[in-house]
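Visitor: My structure is stored as data.cif, with mmCIF, C-alpha atoms.
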```
data_my_file
loop_
_atom_site.label_atom_id
_atom_site.label_comp_id
_atom_site.auth_asym_id
_atom_site.auth_seq_id
_atom_site.Cartn_x
_atom_site.Cartn_y
_atom_site.Cartn_z
CA MET A 1 -17.59 -9.18 8.77
CA ARG A 2 -16.88 -10.15 12.36
CA VAL A 3 -15.54 -13.56 13.31
CA ARG A 4 -13.87 -15.17 16.30
CA ARG A 5 -10.13 -15.39 15.77
CA TYR A 6 -6.70 -14.82 17.30
CA SER A 7 -5.10 -11.46 16.64
CA PRO A 8 -1.35 -11.56 17.24
CA LEU A 9 -1.01 -8.07 15.80
CA ASP A 10 -3.16 -6.65 18.52
CA LYS A 11 -1.96 -9.24 21.06
CA GLN A 12 -5.53 -10.13 21.93
CA SER A 13 -6.88 -13.41 23.15
CA PRO A 14 -9.47 -15.22 21.00
CA GLN A 15 -12.48 -12.98 20.80
CA GLU A 16 -14.86 -11.46 18.34
CA VAL A 17 -13.00 -8.76 16.44
CA ASP A 18 -13.18 -6.97 13.10
CA PHE A 19 -11.93 -9.36 10.41
CA GLY A 20 -12.52 -7.16 7.40
CA PHE A 21 -10.58 -4.20 6.16
CA SER A 22 -11.33 -0.56 6.69
CA VAL A 23 -10.31 2.30 4.45
CA GLN A 24 -8.67 5.19 6.24
CA ASN A 25 -6.02 6.67 3.96
CA GLY A 26 -5.49 3.02 3.06
CA ILE A 27 -6.69 -0.29 4.46
CA ARG A 28 -6.25 -2.02 7.75
CA LEU A 29 -4.95 -5.51 7.12
CA ASN A 30 -4.55 -7.89 10.05
CA VAL A 31 -2.57 -10.95 8.96
CA VAL A 32 -3.97 -13.45 11.43
CA SER A 33 -5.98 -16.64 11.48
CA ALA A 34 -8.00 -18.75 13.85
CA GLY A 35 -5.29 -21.34 14.33
CA ASN A 36 -2.02 -19.84 13.15
CA VAL A 37 -0.08 -16.75 14.10
CA PHE A 38 2.05 -15.13 11.41
CA SER A 39 4.90 -12.85 12.36
CA SER A 40 4.74 -10.88 9.12
CA GLN A 41 2.88 -10.27 5.90
CA ALA A 42 5.71 -11.98 4.02
CA GLU A 43 5.31 -15.16 6.08
CA PHE A 44 1.58 -15.24 5.49
CA GLU A 45 1.88 -14.55 1.76
CA GLN A 46 4.42 -17.37 1.50
CA LYS A 47 2.08 -19.82 3.26
CA TYR A 48 -0.89 -18.55 1.25
CA ARG A 49 0.93 -19.10 -2.06
CA ARG A 50 2.06 -22.55 -0.93
CA ILE A 51 -1.40 -23.78 0.00
CA ARG A 52 -2.87 -22.30 -3.18
CA ARG A 53 -0.21 -24.12 -5.19
CA GLU A 54 -0.95 -27.36 -3.33
CA LEU A 55 -4.66 -27.05 -4.03
CA THR A 56 -4.02 -26.32 -7.70
CA LEU A 57 -1.67 -29.29 -8.10
CA SER A 58 -4.07 -31.62 -6.28
CA VAL A 59 -6.96 -30.60 -8.54
CA ILE A 60 -4.74 -31.15 -11.59
CA GLY A 61 -3.78 -34.56 -10.15
CA LEU A 62 -7.44 -35.52 -9.77
CA GLY A 63 -8.03 -34.44 -13.36
CA VAL A 64 -5.15 -36.66 -14.49
CA VAL A 65 -6.61 -39.63 -12.61
CA LEU A 66 -9.99 -38.99 -14.24
CA LEU A 67 -8.38 -38.85 -17.69
CA VAL A 68 -6.34 -42.02 -17.12
CA GLY A 69 -9.44 -43.93 -15.98
CA THR A 70 -11.46 -42.79 -18.95
CA LEU A 71 -8.70 -43.67 -21.42
CA TRP A 72 -8.29 -47.12 -19.86
CA TYR A 73 -11.94 -48.08 -20.14
CA TRP A 74 -12.11 -46.61 -23.65
CA LEU A 75 -8.89 -48.01 -25.13
CA VAL A 76 -8.23 -51.18 -23.11
CA GLU A 77 -11.78 -52.32 -22.30
CA GLY A 78 -13.17 -51.08 -25.59
CA TRP A 79 -16.07 -49.10 -24.10
CA SER A 80 -17.65 -45.99 -25.56
CA TRP A 81 -16.53 -42.54 -24.40
CA ILE A 82 -19.73 -42.02 -22.40
CA ASP A 83 -19.52 -45.40 -20.65
CA ALA A 84 -15.79 -44.93 -19.93
CA ALA A 85 -16.26 -41.45 -18.46
CA TYR A 86 -19.33 -42.53 -16.45
CA MET A 87 -17.53 -45.55 -14.99
CA THR A 88 -14.52 -43.43 -14.03
CA VAL A 89 -16.63 -40.78 -12.29
CA ILE A 90 -18.73 -43.20 -10.23
CA THR A 91 -15.57 -45.15 -9.32
CA LEU A 92 -13.72 -42.03 -8.12
CA ALA A 93 -16.81 -40.79 -6.30
CA THR A 94 -17.22 -44.22 -4.62
CA VAL A 95 -21.01 -43.93 -4.88
CA GLY A 96 -21.43 -47.71 -4.95
CA TYR A 97 -23.10 -48.10 -8.35
CA SER A 98 -22.58 -51.42 -10.16
CA GLU A 99 -20.18 -51.84 -13.08
CA THR A 100 -21.34 -50.28 -16.33
CA ARG A 101 -20.22 -53.37 -18.22
CA PRO A 102 -18.78 -56.70 -17.03
CA LEU A 103 -15.06 -56.53 -16.17
CA GLY A 104 -12.41 -59.21 -16.16
CA ASP A 105 -9.75 -59.65 -13.49
CA ARG A 106 -7.46 -57.10 -15.17
CA GLY A 107 -10.25 -54.53 -15.32
CA ARG A 108 -11.22 -55.07 -11.70
CA LEU A 109 -7.62 -54.69 -10.53
CA PHE A 110 -7.38 -51.40 -12.41
CA THR A 111 -10.70 -50.30 -10.90
CA VAL A 112 -9.40 -51.02 -7.39
CA THR A 113 -6.28 -48.96 -8.15
CA LEU A 114 -8.46 -46.18 -9.55
CA ILE A 115 -10.57 -46.14 -6.37
CA ILE A 116 -7.46 -45.86 -4.17
CA MET A 117 -6.04 -43.04 -6.30
CA GLY A 118 -9.38 -41.25 -6.28
CA VAL A 119 -9.82 -41.51 -2.52
CA ILE A 120 -6.29 -40.23 -1.92
CA SER A 121 -6.71 -37.30 -4.36
CA ILE A 122 -10.14 -36.22 -3.15
CA GLY A 123 -9.17 -36.70 0.50
CA TYR A 124 -6.10 -34.53 0.04
CA ILE A 125 -8.12 -31.79 -1.68
CA VAL A 126 -10.75 -31.81 1.06
CA ASN A 127 -8.03 -31.75 3.75
CA ARG A 128 -6.17 -28.77 2.23
CA PHE A 129 -9.35 -26.87 1.46
CA THR A 130 -10.71 -27.36 4.98
CA ASP A 131 -7.37 -26.37 6.51
CA ALA A 132 -7.24 -23.21 4.37
CA LEU A 133 -10.82 -22.35 5.30
CA VAL A 134 -10.31 -22.89 9.03
CA GLN A 135 -7.00 -21.05 9.13
CA GLY A 136 -8.52 -18.08 7.32
CA TYR A 137 -6.27 -18.17 4.24
CA PHE A 138 -9.09 -17.39 1.83
CA GLN A 139 -10.43 -14.44 3.81
CA ILE A 140 -7.02 -12.88 4.39
CA GLY A 141 -5.95 -13.68 0.84
CA PHE A 142 -8.97 -11.68 -0.29
CA GLN A 143 -7.81 -8.80 1.87
CA LEU A 144 -4.33 -8.95 0.35
CA ARG A 145 -5.85 -8.78 -3.13
CA GLN A 146 -7.94 -5.81 -2.06
CA GLN A 147 -4.82 -4.11 -0.76
CA ARG A 148 -2.97 -4.68 -4.03
CA LEU A 149 -5.93 -3.37 -6.02
CA LEU A 150 -6.11 -0.30 -3.77
CA ILE A 151 -2.40 0.46 -4.22
CA ASP A 152 -2.64 -0.13 -7.96
CA SER A 153 -5.46 2.43 -8.13
CA LEU A 154 -3.48 5.13 -6.34
CA SER A 155 -2.06 8.04 -8.31
CA ASP A 156 -0.24 11.20 -7.21
CA HIS A 157 0.10 9.64 -3.77
CA TYR A 158 2.90 9.81 -1.20
CA ILE A 159 5.24 7.03 -0.12
CA ILE A 160 6.78 6.83 3.35
CA CYS A 161 9.80 4.52 3.49
CA GLY A 162 10.34 3.54 7.11
CA PHE A 163 7.81 3.54 9.92
CA GLY A 164 10.06 4.34 12.83
CA ARG A 165 9.67 7.34 15.10
CA THR A 166 10.18 9.77 12.22
CA GLY A 167 7.98 7.86 9.80
CA ARG A 168 5.13 7.62 12.30
CA GLN A 169 5.06 11.37 12.78
CA ILE A 170 5.09 11.92 9.02
CA ALA A 171 2.22 9.47 8.60
CA LEU A 172 0.27 11.26 11.34
CA GLU A 173 0.67 14.60 9.56
CA PHE A 174 -0.35 13.08 6.21
CA ALA A 175 -3.40 11.46 7.79
CA THR A 176 -4.36 14.79 9.38
CA GLU A 177 -4.22 16.45 5.95
CA ALA A 178 -6.14 13.53 4.33
CA ILE A 179 -3.20 12.89 1.98
CA PRO A 180 -3.24 9.44 0.31
CA PHE A 181 -0.06 7.59 1.21
CA VAL A 182 1.52 4.15 1.40
CA THR A 183 4.04 3.04 4.01
CA VAL A 184 6.92 0.63 3.32
CA ASP A 185 8.96 -1.08 6.03
CA SER A 186 10.89 -4.34 6.33
CA ASP A 187 10.42 -4.69 10.09
CA PRO A 188 7.36 -6.84 10.96
CA GLU A 189 6.80 -4.92 14.20
CA SER A 190 6.72 -1.60 12.36
CA VAL A 191 4.36 -3.08 9.78
CA GLN A 192 2.15 -4.30 12.62
CA ALA A 193 2.13 -0.82 14.18
CA ALA A 194 1.13 0.78 10.88
CA GLN A 195 -1.67 -1.76 10.44
CA GLN A 196 -3.02 -1.05 13.89
CA LEU A 197 -3.25 2.64 12.99
CA GLY A 198 -5.19 1.79 9.83
CA TYR A 199 -2.52 2.82 7.31
CA THR A 200 -1.84 1.13 3.98
CA VAL A 201 1.45 -0.68 4.55
CA VAL A 202 3.60 -3.01 2.49
CA GLU A 203 6.31 -5.13 4.07
CA GLY A 204 9.50 -5.03 2.05
CA ASP A 205 12.91 -3.48 1.50
CA ALA A 206 12.39 0.06 0.19
CA THR A 207 15.85 0.05 -1.43
CA LEU A 208 14.68 -2.58 -3.96
CA ASP A 209 13.12 -1.48 -7.24
CA GLU A 210 10.49 -4.24 -7.15
CA VAL A 211 9.20 -3.04 -3.77
CA LEU A 212 9.03 0.59 -4.88
CA LEU A 213 7.18 -0.42 -8.05
CA LYS A 214 4.80 -2.46 -5.91
CA VAL A 215 3.76 0.71 -4.06
CA GLY A 216 3.44 2.72 -7.28
CA VAL A 217 6.57 4.86 -7.22
CA ASP A 218 6.14 5.50 -10.95
CA ARG A 219 2.77 7.18 -10.23
CA ALA A 220 3.63 8.85 -6.92
CA THR A 221 4.03 12.56 -6.25
CA CYS A 222 6.53 12.37 -3.41
CA LEU A 223 8.68 9.83 -1.60
CA VAL A 224 9.93 10.33 1.95
CA ALA A 225 12.97 8.23 2.86
CA ALA A 226 12.81 8.00 6.67
CA LEU A 227 14.77 4.79 7.14
CA PRO A 228 17.15 4.55 10.13
CA SER A 229 20.26 4.10 7.97
CA ASP A 230 21.72 6.87 5.83
CA ALA A 231 22.91 4.26 3.33
CA GLU A 232 19.38 2.86 3.00
CA ASN A 233 17.97 6.33 2.47
CA LEU A 234 20.62 6.98 -0.18
CA TYR A 235 19.78 3.78 -2.06
CA THR A 236 16.07 4.50 -1.77
CA VAL A 237 16.42 7.99 -3.25
CA LEU A 238 18.60 6.69 -6.08
CA SER A 239 16.12 3.92 -6.89
CA ALA A 240 13.10 6.24 -6.73
CA LYS A 241 14.72 8.84 -8.97
CA ALA A 242 15.73 6.17 -11.48
CA LEU A 243 12.19 4.79 -11.63
CA ASN A 244 10.46 8.17 -11.62
CA PRO A 245 12.70 11.19 -12.35
CA GLN A 246 9.79 13.57 -11.67
CA ILE A 247 9.11 12.36 -8.14
CA ARG A 248 9.92 14.69 -5.26
CA ALA A 249 12.30 12.90 -2.88
CA ILE A 250 12.63 13.92 0.77
CA ALA A 251 15.32 12.13 2.79
CA ARG A 252 16.39 11.84 6.40
CA ALA A 253 20.09 12.25 7.23
CA SER A 254 21.93 11.61 10.47
CA THR A 255 25.14 13.48 9.66
CA GLN A 256 26.27 16.48 7.67
CA GLU A 257 28.22 14.22 5.32
CA ALA A 258 25.15 12.08 4.65
CA LEU A 259 23.14 15.24 4.01
CA GLN A 260 25.53 16.31 1.28
CA LYS A 261 25.62 12.86 -0.32
CA LEU A 262 21.84 12.63 -0.39
CA GLN A 263 21.66 16.02 -2.07
CA ARG A 264 24.17 14.87 -4.69
CA ALA A 265 22.11 11.70 -5.18
CA GLY A 266 19.13 13.79 -6.25
CA ALA A 267 17.11 14.31 -3.07
CA ASP A 268 15.00 17.46 -3.43
CA ALA A 269 15.16 18.10 0.30
CA VAL A 270 17.25 16.55 3.07
CA VAL A 271 16.35 16.90 6.73
CA SER A 272 18.59 16.02 9.65
CA PRO A 273 16.49 15.46 12.79
CA TYR A 274 19.45 16.34 14.98
CA ILE A 275 20.39 19.56 13.17
CA THR A 276 16.78 20.66 12.71
CA GLY A 277 15.87 19.66 16.25
CA GLY A 278 18.77 21.62 17.66
CA ARG A 279 17.82 24.71 15.70
CA ARG A 280 14.20 24.48 16.77
CA MET A 281 15.18 24.03 20.41
CA ALA A 282 17.42 27.08 20.22
CA ALA A 283 14.63 29.08 18.56
CA ALA A 284 12.16 27.90 21.20
CA ALA A 285 14.54 29.15 23.88
CA LEU A 286 15.19 32.51 22.21
CA ARG A 287 11.83 33.20 20.54
CA PRO A 288 9.22 30.98 22.21
CA GLN A 289 6.14 32.84 20.98
CA VAL A 290 7.37 32.81 17.40
CA MET A 291 7.96 29.04 17.58
CA ASP A 292 4.54 28.43 19.07
CA PHE A 293 2.96 30.41 16.25
CA VAL A 294 4.95 28.63 13.52
CA ASP A 295 4.24 25.19 14.99
CA GLY A 296 0.56 26.06 15.19
CA ILE A 297 0.27 26.84 11.48
CA LEU A 298 2.51 24.09 10.16
CA THR A 299 1.40 20.96 11.99
CA GLY A 300 -1.41 19.39 13.94
CA ALA A 301 -5.13 18.91 13.53
CA GLY A 302 -7.79 21.51 14.19
CA ARG A 303 -5.59 24.44 13.17
CA GLU A 304 -7.09 27.85 12.46
CA LEU A 305 -4.29 28.99 10.16
CA TYR A 306 -2.42 27.08 7.47
CA MET A 307 0.60 27.73 5.29
CA GLU A 308 0.49 26.44 1.73
CA GLU A 309 2.35 26.66 -1.58
CA VAL A 310 0.61 27.64 -4.82
CA ARG A 311 2.26 27.38 -8.22
CA LEU A 312 1.22 29.92 -10.89
CA ASP A 313 0.56 28.24 -14.24
CA ALA A 314 0.65 30.41 -17.36
CA ASP A 315 -2.15 28.38 -18.96
CA THR A 316 -4.65 28.62 -16.09
CA CYS A 317 -3.75 31.56 -13.85
CA PRO A 318 -5.52 34.85 -14.81
CA CYS A 319 -3.17 36.93 -12.65
CA ILE A 320 0.01 36.38 -14.65
CA GLY A 321 1.58 39.74 -15.50
CA GLN A 322 -0.33 41.66 -12.82
CA ASN A 323 1.15 42.99 -9.62
CA LEU A 324 -0.15 41.91 -6.23
CA GLY A 325 -2.11 45.13 -5.78
CA ALA A 326 -3.96 44.72 -9.07
CA ALA A 327 -4.61 41.03 -8.47
CA ARG A 328 -6.37 41.92 -5.18
CA LEU A 329 -5.70 38.46 -3.73
CA ARG A 330 -5.74 39.73 -0.15
CA SER A 331 -9.03 41.61 -0.49
CA GLN A 332 -10.78 38.81 -2.42
CA THR A 333 -9.69 35.84 -0.33
CA GLY A 334 -8.26 37.12 2.95
CA ALA A 335 -5.16 34.96 2.44
CA LEU A 336 -1.79 36.58 2.95
CA VAL A 337 1.08 36.11 0.46
CA LEU A 338 4.17 35.78 2.68
CA ALA A 339 6.79 35.18 0.01
CA ILE A 340 7.28 34.48 -3.69
CA ARG A 341 9.92 32.17 -5.13
CA ARG A 342 10.73 32.91 -8.76
CA ARG A 343 11.34 30.19 -11.33
CA ASP A 344 15.09 30.85 -11.11
CA GLY A 345 15.05 30.27 -7.32
CA THR A 346 15.07 33.89 -6.22
CA LEU A 347 13.08 34.35 -3.01
CA ILE A 348 11.11 37.55 -2.44
CA GLY A 349 10.14 37.84 1.20
CA GLY A 350 7.26 40.11 2.17
CA PRO A 351 6.23 41.06 -1.39
CA THR A 352 4.65 44.50 -1.78
CA ALA A 353 1.64 45.57 -3.85
CA ASP A 354 4.01 46.43 -6.72
CA THR A 355 5.51 42.92 -6.89
CA GLN A 356 4.67 41.40 -10.27
CA LEU A 357 3.29 37.88 -10.58
CA MET A 358 5.09 35.81 -13.20
CA ALA A 359 4.52 32.37 -14.74
CA GLY A 360 6.16 29.67 -12.67
CA ASP A 361 6.14 31.68 -9.45
CA LEU A 362 5.59 29.76 -6.25
CA LEU A 363 3.47 31.69 -3.79
CA ILE A 364 3.89 30.89 -0.10
CA CYS A 365 0.60 31.86 1.50
CA MET A 366 -1.03 31.83 4.93
CA GLY A 367 -4.70 31.83 5.86
CA THR A 368 -7.61 29.76 7.04
CA ALA A 369 -8.67 26.66 5.14
CA GLU A 370 -11.51 28.53 3.44
CA GLN A 371 -9.29 31.48 2.52
CA LEU A 372 -6.74 29.21 0.90
CA ARG A 373 -9.45 27.37 -1.01
CA ARG A 374 -10.74 30.67 -2.41
CA LEU A 375 -7.17 31.63 -3.33
CA ASN A 376 -6.75 28.39 -5.29
CA GLN A 377 -10.03 28.97 -7.09
CA ILE A 378 -8.79 32.37 -8.26
CA LEU A 379 -5.29 31.26 -9.24
CA GLY A 380 -6.49 28.14 -11.04
CA PRO A 381 -5.75 24.44 -10.57
CA ILE A 382 -2.39 23.47 -9.10
CA ASN A 383 -0.26 21.71 -11.69
CA SER A 384 2.80 21.35 -9.49
CA LYS A 385 3.00 18.20 -7.38
CA LEU A 386 2.65 19.90 -4.04
CA PRO A 387 0.38 19.33 -1.03
CA ARG A 388 -3.30 20.01 -1.53
CA PRO A 389 -5.13 22.91 0.05
CA PRO A 390 -6.42 22.17 3.56
CA LYS A 391 -9.50 20.00 3.86
CA HIS A 392 -12.61 20.85 5.83
CA ASN A 393 -12.32 19.66 9.42
#
```
Turn this file's structure into structure tokens for me.
Guide:
Amino acid sequence: MRVRRYSPLDKQSPQEVDFGFSVQNGIRLNVVSAGNVFSSQAEFEQKYRRIRRELTLSVIGLGVVLLVGTLWYWLVEGWSWIDAAYMTVITLATVGYSETRPLGDRGRLFTVTLIIMGVISIGYIVNRFTDALVQGYFQIGFQLRQQRLLIDSLSDHYIICGFGRTGRQIALEFATEAIPFVTVDSDPESVQAAQQLGYTVVEGDATLDEVLLKVGVDRATCLVAALPSDAENLYTVLSAKALNPQIRAIARASTQEALQKLQRAGADAVVSPYITGGRRMAAAALRPQVMDFVDGILTGAGRELYMEEVRLDADTCPCIGQNLGAARLRSQTGALVLAIRRRDGTLIGGPTADTQLMAGDLLICMGTAEQLRRLNQILGPINSKLPRPPKHN
């Protein structure tokens, strides 16, 4: 649906823009209205809940007035239920019909009071409803419900905590691979930036259990803690592991000390942008062609070659117990097995044709998207919670 509204998130003047939501690894949710500008999702949700509560209470108040009027005419005036209810309704509606039965001075004074109460109640309801309609509360409230339903339906998804410079690059890579993910950030500007890119984003503190549960941490495959503070990343990893011990936690660390603490806290992998960046810069200076090749197969869209991980499951993989030569993975698929990590953590680099495939092995493979898809078809479904094979471009 397209309507004319203000869009503070896009910093546009009033014009006709897309008011609905679009699914693109999530939904695009613009928290705006025709007359109000909200600085954050939290502010809008607070106002939305308040006006919904006001409408609910006003409707209940009108119901109470209707009940009081009916009881008065029934008990005090001695009318029948039908006459009492009919008199109350036409009085509150101010339609101008005559009295159902003759009234004394006491009855007429009560009727005047009932008319005033009815006008106030109905006027207030109409005022709040019109304000909510004009300001766009109902439309955006519908979008918020759609977002919650979408997040509740996610399973085996990824969670990015923090949408700063690091988080944005992670989200870009996930979007390129068509990986379902949810972003969490407490900064309204970061939330706004994620919305503009069409990502599913929830505003909140990722260190809190209630926020992590809101984004489905108990059903997620992996959580990436990319918050600017090492302490926040530490709390996030601890909370995620407590809520879902099976989740794979990746954390960002600024210092060597933080890296060690995050590892002790249960992070499956800890990355320091400064340490990793320095190593990559040194490698780019010493071995530029190697770095160009590695970057080309690890990141970016439109790649020709990919690197993937494939876990061998004893229940589904037909190659368990065979050596690489007998399995004929290279000749059947064209994919190249670069390394094998055993269940005990032993890494075999450059496995030969005599290397035996064992249950629980993790194969690190390289090939085109189609080659890796054929490899997965031969080795069986992936039961480990690892990235999917490349999608068709």
Visitor: Which residues are near Val191 of chain A? Cut-off 9 Å, only C-alpha atoms, ignore same chain within fewer than 2 positions. Put them as a PyMOL selection string.
Guide: chain A and resi 40-41+163+183-189+193-196+201-203
Visitor: Would you write out those residues with C-alpha atoms, as a PDB file, in the coordinates of the input?
Guide:
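What landed in selection-v9.pdb:
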```
ATOM      1  CA  SER A  40       4.740 -10.880   9.120  1.00  0.00           C
ATOM      2  CA  GLN A  41       2.880 -10.270   5.900  1.00  0.00           C
ATOM      3  CA  PHE A 163       7.810   3.540   9.920  1.00  0.00           C
ATOM      4  CA  THR A 183       4.040   3.040   4.010  1.00  0.00           C
ATOM      5  CA  VAL A 184       6.920   0.630   3.320  1.00  0.00           C
ATOM      6  CA  ASP A 185       8.960  -1.080   6.030  1.00  0.00           C
ATOM      7  CA  SER A 186      10.890  -4.340   6.330  1.00  0.00           C
ATOM      8  CA  ASP A 187      10.420  -4.690  10.090  1.00  0.00           C
ATOM      9  CA  PRO A 188       7.360  -6.840  10.960  1.00  0.00           C
ATOM     10  CA  GLU A 189       6.800  -4.920  14.200  1.00  0.00           C
ATOM     11  CA  ALA A 193       2.130  -0.820  14.180  1.00  0.00           C
ATOM     12  CA  ALA A 194       1.130   0.780  10.880  1.00  0.00           C
ATOM     13  CA  GLN A 195      -1.670  -1.760  10.440  1.00  0.00           C
ATOM     14  CA  GLN A 196      -3.020  -1.050  13.890  1.00  0.00           C
ATOM     15  CA  VAL A 201       1.450  -0.680   4.550  1.00  0.00           C
ATOM     16  CA  VAL A 202       3.600  -3.010   2.490  1.00  0.00           C
ATOM     17  CA  GLU A 203       6.310  -5.130   4.070  1.00  0.00           C
TER      18      GLU A 203
END
```
Visitor: Can you tell me, as a ChimeraX atom specification, what residues are no more than 6 Å from Asp156 of chain A when counting all atoms listed in the file, ignoring any on the same chain fewer than 6 positions away?
Guide: /A:219-221
Visitor: So, counting only C-alpha atoms, which residue among A:Met358, A:Cys317, A:Leu305, A:Met87 is closest to Asn376 of chain A?
Guide: A:Cys317
Visitor: Atom CA of Tyr274 of chain A and atom CA of Ala225 of chain A, how far apart in Å?
Guide: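 That distance, rounded to one decimal, is 16.0 Å.
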Visitor: Written as a list in words, which residues does the PyMOL selection byres ((chain A and resi 84) around 9) give for the file shown?
Guide: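 Applying the PyMOL selection byres ((chain A and resi 84) around 9) to the structure shown produces Gly69, Thr70, Leu71, Trp72, Tyr73, Trp74, Glu77, Gly78, Trp79, Ser80, Trp81, Ile82, Asp83, Ala85, Tyr86, Met87, Thr88, Val89 and Thr100 of chain A.
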Visitor: Have a look at A:Thr368, A:Asn233, A:Thr276, A:Thr56 and name the one nearest to Gln263 of chain A; count all atoms listed in the file.
Guide: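 Closest to Gln263 of chain A of all the choices is A:Asn233.
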Visitor: In Å, with one decimal, what is the gap from atom CA of Ile364 of chain A to atom CA of Gly350 of chain A?
Guide: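 Answer for the atom CA of Ile364 of chain A to atom CA of Gly350 of chain A separation: 10.1 Å.
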Visitor: Got a minute to add N, CA, C and O atoms to segment 157-170 of chain A and dump it as an mmCIF file, in the frame of the given file?
Guide:
```cif
data_model
loop_
_atom_site.group_PDB
_atom_site.id
_atom_site.type_symbol
_atom_site.label_atom_id
_atom_site.label_comp_id
_atom_site.auth_asym_id
_atom_site.auth_seq_id
_atom_site.Cartn_x
_atom_site.Cartn_y
_atom_site.Cartn_z
ATOM 1 N N HIS A 157 0.108 9.897 -5.203
ATOM 2 C CA HIS A 157 0.100 9.640 -3.770
ATOM 3 C C HIS A 157 1.506 9.840 -3.200
ATOM 4 O O HIS A 157 2.450 10.170 -3.931
ATOM 5 N N TYR A 158 1.639 9.628 -1.904
ATOM 6 C CA TYR A 158 2.900 9.810 -1.200
ATOM 7 C C TYR A 158 3.363 8.464 -0.663
ATOM 8 O O TYR A 158 2.543 7.615 -0.294
ATOM 9 N N ILE A 159 4.661 8.275 -0.606
ATOM 10 C CA ILE A 159 5.240 7.030 -0.120
ATOM 11 C C ILE A 159 6.158 7.343 1.059
ATOM 12 O O ILE A 159 7.051 8.193 0.941
ATOM 13 N N ILE A 160 5.922 6.677 2.168
ATOM 14 C CA ILE A 160 6.780 6.830 3.350
ATOM 15 C C ILE A 160 7.601 5.553 3.498
ATOM 16 O O ILE A 160 7.040 4.477 3.725
ATOM 17 N N CYS A 161 8.903 5.663 3.347
ATOM 18 C CA CYS A 161 9.800 4.520 3.490
ATOM 19 C C CYS A 161 10.374 4.527 4.904
ATOM 20 O O CYS A 161 11.212 5.369 5.237
ATOM 21 N N GLY A 162 9.910 3.605 5.713
ATOM 22 C CA GLY A 162 10.340 3.540 7.110
ATOM 23 C C GLY A 162 9.250 4.041 8.033
ATOM 24 O O GLY A 162 8.779 5.166 7.896
ATOM 25 N N PHE A 163 8.854 3.171 8.971
ATOM 26 C CA PHE A 163 7.810 3.540 9.920
ATOM 27 C C PHE A 163 8.361 3.515 11.339
ATOM 28 O O PHE A 163 7.788 2.928 12.249
ATOM 29 N N GLY A 164 9.511 4.167 11.500
ATOM 30 C CA GLY A 164 10.060 4.340 12.830
ATOM 31 C C GLY A 164 9.463 5.574 13.487
ATOM 32 O O GLY A 164 8.357 5.996 13.164
ATOM 33 N N ARG A 165 10.202 6.168 14.402
ATOM 34 C CA ARG A 165 9.670 7.340 15.100
ATOM 35 C C ARG A 165 9.428 8.501 14.138
ATOM 36 O O ARG A 165 8.417 9.199 14.238
ATOM 37 N N THR A 166 10.355 8.700 13.199
ATOM 38 C CA THR A 166 10.180 9.770 12.220
ATOM 39 C C THR A 166 9.043 9.466 11.264
ATOM 40 O O THR A 166 8.190 10.316 10.987
ATOM 41 N N GLY A 167 9.025 8.242 10.745
ATOM 42 C CA GLY A 167 7.980 7.860 9.800
ATOM 43 C C GLY A 167 6.588 7.922 10.387
ATOM 44 O O GLY A 167 5.630 8.295 9.710
ATOM 45 N N ARG A 168 6.454 7.578 11.656
ATOM 46 C CA ARG A 168 5.130 7.620 12.300
ATOM 47 C C ARG A 168 4.610 9.047 12.388
ATOM 48 O O ARG A 168 3.419 9.304 12.180
ATOM 49 N N GLN A 169 5.499 9.983 12.694
ATOM 50 C CA GLN A 169 5.060 11.370 12.780
ATOM 51 C C GLN A 169 4.681 11.910 11.403
ATOM 52 O O GLN A 169 3.707 12.657 11.265
ATOM 53 N N ILE A 170 5.428 11.505 10.383
ATOM 54 C CA ILE A 170 5.090 11.920 9.020
ATOM 55 C C ILE A 170 3.727 11.371 8.624
ATOM 56 O O ILE A 170 2.897 12.084 8.053
#
```
